[in-house]
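> For reference, the structure I am asking about is given below.
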Amino acid sequence: MNRSAERPRRVARNQRGTTLIECVVAIVLFAIAAAAIGDLLTEQIRMQRSNGTTSTAISVAAGELEDVRTLNYANMANRSSTTVVDGVTYNLETSVAANAPQQNMKTVHTTVVWTEPTGAKSYTLHSIYTDVTH
């Protein structure tokens, strides 16, 4: 009979398997890293959505200023409206100040207000129009 088969195998100390404590520590470290990456991805998605709604608000405000520009100078007046884009409601307020900054000029302020999960946001565009018929 083969003597090596009868003898129990001796394992060197540096070749022993991992202990339960080592496995638990590895799992805990992996869980902490996964949680941190999950939070980072969640924040990235939130910021991407916020940037998208801000870009839309700027576009809505610019469109409103272009609409005001197409009006006859005498018909430029305060107005408000609401626009819904991709489920987000944008409230527009346009104010027109006559003879500002000088005679035969109108200053137009268009403010867009919308709400995000982080709270209310707003964006304002300003422009000056002049009466060229005088």
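Each chain of the structure tokens is named A, B, ... in the order shown, its residues numbered from 1; ligands are numbered from 1 in display order.
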Please give the complete set of residues from stretch 60-94 of chain A that DSSP, run on the backbone, assigns to alpha helix (DSSP H), formatted as a PyMOL selection string.

chain A and resi 60-70

> Include N, CA, C and O atoms and write out the residues we just selected as an mmCIF file, in the first residue's frame.


```cif
data_model
loop_
_atom_site.group_PDB
_atom_site.id
_atom_site.type_symbol
_atom_site.label_atom_id
_atom_site.label_comp_id
_atom_site.auth_asym_id
_atom_site.auth_seq_id
_atom_site.Cartn_x
_atom_site.Cartn_y
_atom_site.Cartn_z
ATOM 1 N N VAL A 60 -37.475 78.139 -23.173
ATOM 2 C CA VAL A 60 -38.815 78.711 -23.046
ATOM 3 C C VAL A 60 -38.733 80.224 -22.886
ATOM 4 O O VAL A 60 -39.491 80.979 -23.517
ATOM 5 N N ALA A 61 -37.792 80.709 -22.069
ATOM 6 C CA ALA A 61 -37.628 82.158 -21.863
ATOM 7 C C ALA A 61 -37.190 82.844 -23.158
ATOM 8 O O ALA A 61 -37.694 83.916 -23.509
ATOM 9 N N ALA A 62 -36.266 82.238 -23.879
ATOM 10 C CA ALA A 62 -35.809 82.819 -25.144
ATOM 11 C C ALA A 62 -36.946 82.858 -26.161
ATOM 12 O O ALA A 62 -37.098 83.844 -26.903
ATOM 13 N N GLY A 63 -37.747 81.809 -26.184
ATOM 14 C CA GLY A 63 -38.901 81.801 -27.085
ATOM 15 C C GLY A 63 -39.892 82.895 -26.747
ATOM 16 O O GLY A 63 -40.467 83.533 -27.639
ATOM 17 N N GLU A 64 -40.098 83.137 -25.462
ATOM 18 C CA GLU A 64 -41.001 84.212 -25.031
ATOM 19 C C GLU A 64 -40.467 85.572 -25.467
ATOM 20 O O GLU A 64 -41.220 86.414 -25.958
ATOM 21 N N LEU A 65 -39.175 85.798 -25.304
ATOM 22 C CA LEU A 65 -38.601 87.076 -25.755
ATOM 23 C C LEU A 65 -38.749 87.241 -27.265
ATOM 24 O O LEU A 65 -39.014 88.346 -27.758
ATOM 25 N N GLU A 66 -38.590 86.169 -28.011
ATOM 26 C CA GLU A 66 -38.774 86.236 -29.466
ATOM 27 C C GLU A 66 -40.229 86.543 -29.808
ATOM 28 O O GLU A 66 -40.503 87.299 -30.740
ATOM 29 N N ASP A 67 -41.173 85.960 -29.055
ATOM 30 C CA ASP A 67 -42.587 86.270 -29.285
ATOM 31 C C ASP A 67 -42.878 87.738 -29.022
ATOM 32 O O ASP A 67 -43.610 88.381 -29.786
ATOM 33 N N VAL A 68 -42.311 88.278 -27.954
ATOM 34 C CA VAL A 68 -42.510 89.695 -27.643
ATOM 35 C C VAL A 68 -41.892 90.567 -28.734
ATOM 36 O O VAL A 68 -42.461 91.573 -29.151
ATOM 37 N N ARG A 69 -40.754 90.156 -29.232
ATOM 38 C CA ARG A 69 -40.064 90.922 -30.276
ATOM 39 C C ARG A 69 -40.893 91.017 -31.550
ATOM 40 O O ARG A 69 -40.821 92.008 -32.273
ATOM 41 N N THR A 70 -41.687 90.000 -31.832
ATOM 42 C CA THR A 70 -42.498 90.016 -33.053
ATOM 43 C C THR A 70 -43.700 90.959 -32.947
ATOM 44 O O THR A 70 -44.312 91.281 -33.959
#
```

> Would you pick out the contacts of A:Thr53 at 12 Å or less, using only C-alpha atoms, so that residues sharing its chain but fewer than 3 positions from it are not included, and give the list as a count of residues only?

27

> Run DSSP on the backbone of this structure and report the residues of stretch 3-126 of chain A it assigns to strand (DSSP E or B), as a ChimeraX atom specification.

/A:79-85,88-98,105-116,119-126

> Please list as a compact mmCIF listing (two decimals) with N, CA and C atoms, in the first residue's frame every residue within 6 Å of A:Lys106, counting only C-alpha atoms and excluding residues in the same chain fewer than 4 positions away.


```
# COMPACT_ATOMS: atom_id res chain seq x y z
N ALA A 97 -41.27 97.47 -19.25
CA ALA A 97 -41.15 98.81 -18.67
C ALA A 97 -40.94 99.80 -19.81
N ALA A 98 -41.90 100.72 -19.98
CA ALA A 98 -41.81 101.71 -21.05
C ALA A 98 -40.84 102.82 -20.69
N ASN A 99 -40.22 103.40 -21.71
CA ASN A 99 -39.28 104.51 -21.58
C ASN A 99 -38.14 104.19 -20.61
N ALA A 100 -37.69 102.94 -20.67
CA ALA A 100 -36.57 102.52 -19.83
C ALA A 100 -35.62 101.73 -20.71
N ILE A 128 -33.69 94.85 -24.25
CA ILE A 128 -34.14 96.23 -24.45
C ILE A 128 -34.54 96.36 -25.92
N TYR A 129 -35.76 96.88 -26.14
CA TYR A 129 -36.25 97.10 -27.49
C TYR A 129 -36.47 98.60 -27.67
```

> Would you kindly return, as a PyMOL selection string, each protein, DNA or RNA residue with an atom no farther than 9 Å from any atom of A:Ser95, considering only C-alpha atoms and excluding same-chain residues fewer than 5 positions away?

chain A and resi 77-80+107-111

> Could you turn the residues from that selection into a file that holds N, CA and C atoms, as an mmCIF file, in the first residue's frame?


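After the write, out.cif holds the following:
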```cif
data_model
loop_
_atom_site.group_PDB
_atom_site.id
_atom_site.type_symbol
_atom_site.label_atom_id
_atom_site.label_comp_id
_atom_site.auth_asym_id
_atom_site.auth_seq_id
_atom_site.Cartn_x
_atom_site.Cartn_y
_atom_site.Cartn_z
ATOM 1 N N ALA A 77 -46.560 94.505 -23.935
ATOM 2 C CA ALA A 77 -47.140 94.735 -22.605
ATOM 3 C C ALA A 77 -46.843 93.530 -21.717
ATOM 4 N N ASN A 78 -47.108 93.715 -20.410
ATOM 5 C CA ASN A 78 -46.927 92.620 -19.455
ATOM 6 C C ASN A 78 -47.841 91.460 -19.828
ATOM 7 N N ARG A 79 -47.353 90.249 -19.594
ATOM 8 C CA ARG A 79 -48.180 89.072 -19.838
ATOM 9 C C ARG A 79 -47.606 87.886 -19.086
ATOM 10 N N SER A 80 -48.427 86.862 -18.946
ATOM 11 C CA SER A 80 -47.968 85.647 -18.282
ATOM 12 C C SER A 80 -48.593 84.448 -18.980
ATOM 13 N N THR A 107 -37.769 98.052 -21.697
ATOM 14 C CA THR A 107 -36.993 96.971 -21.103
ATOM 15 C C THR A 107 -37.945 95.819 -20.822
ATOM 16 N N VAL A 108 -37.584 94.639 -21.320
ATOM 17 C CA VAL A 108 -38.428 93.452 -21.161
ATOM 18 C C VAL A 108 -37.680 92.440 -20.301
ATOM 19 N N HIS A 109 -38.347 91.984 -19.238
ATOM 20 C CA HIS A 109 -37.814 90.947 -18.354
ATOM 21 C C HIS A 109 -38.736 89.743 -18.459
ATOM 22 N N THR A 110 -38.181 88.599 -18.806
ATOM 23 C CA THR A 110 -38.950 87.358 -18.856
ATOM 24 C C THR A 110 -38.388 86.410 -17.814
ATOM 25 N N THR A 111 -39.232 86.015 -16.875
ATOM 26 C CA THR A 111 -38.828 85.105 -15.805
ATOM 27 C C THR A 111 -39.592 83.801 -15.941
#
```

> What separation in Å, quoted to one decimal, exists between atom CA of A:Asp131 and atom CA of A:Met105?

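Interatomic distance here is 6.2 Å.
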
> Grab the atom CA of A:Thr130 to atom CA of A:Pro101 distance for me, in Å with one decimal place.

10.0 Å

> Take atom CA of A:Ser55 and atom CA of A:Met76 and report the distance between them in Å, one decimal.

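Going from atom CA of A:Ser55 over to atom CA of A:Met76 covers 25.7 Å.
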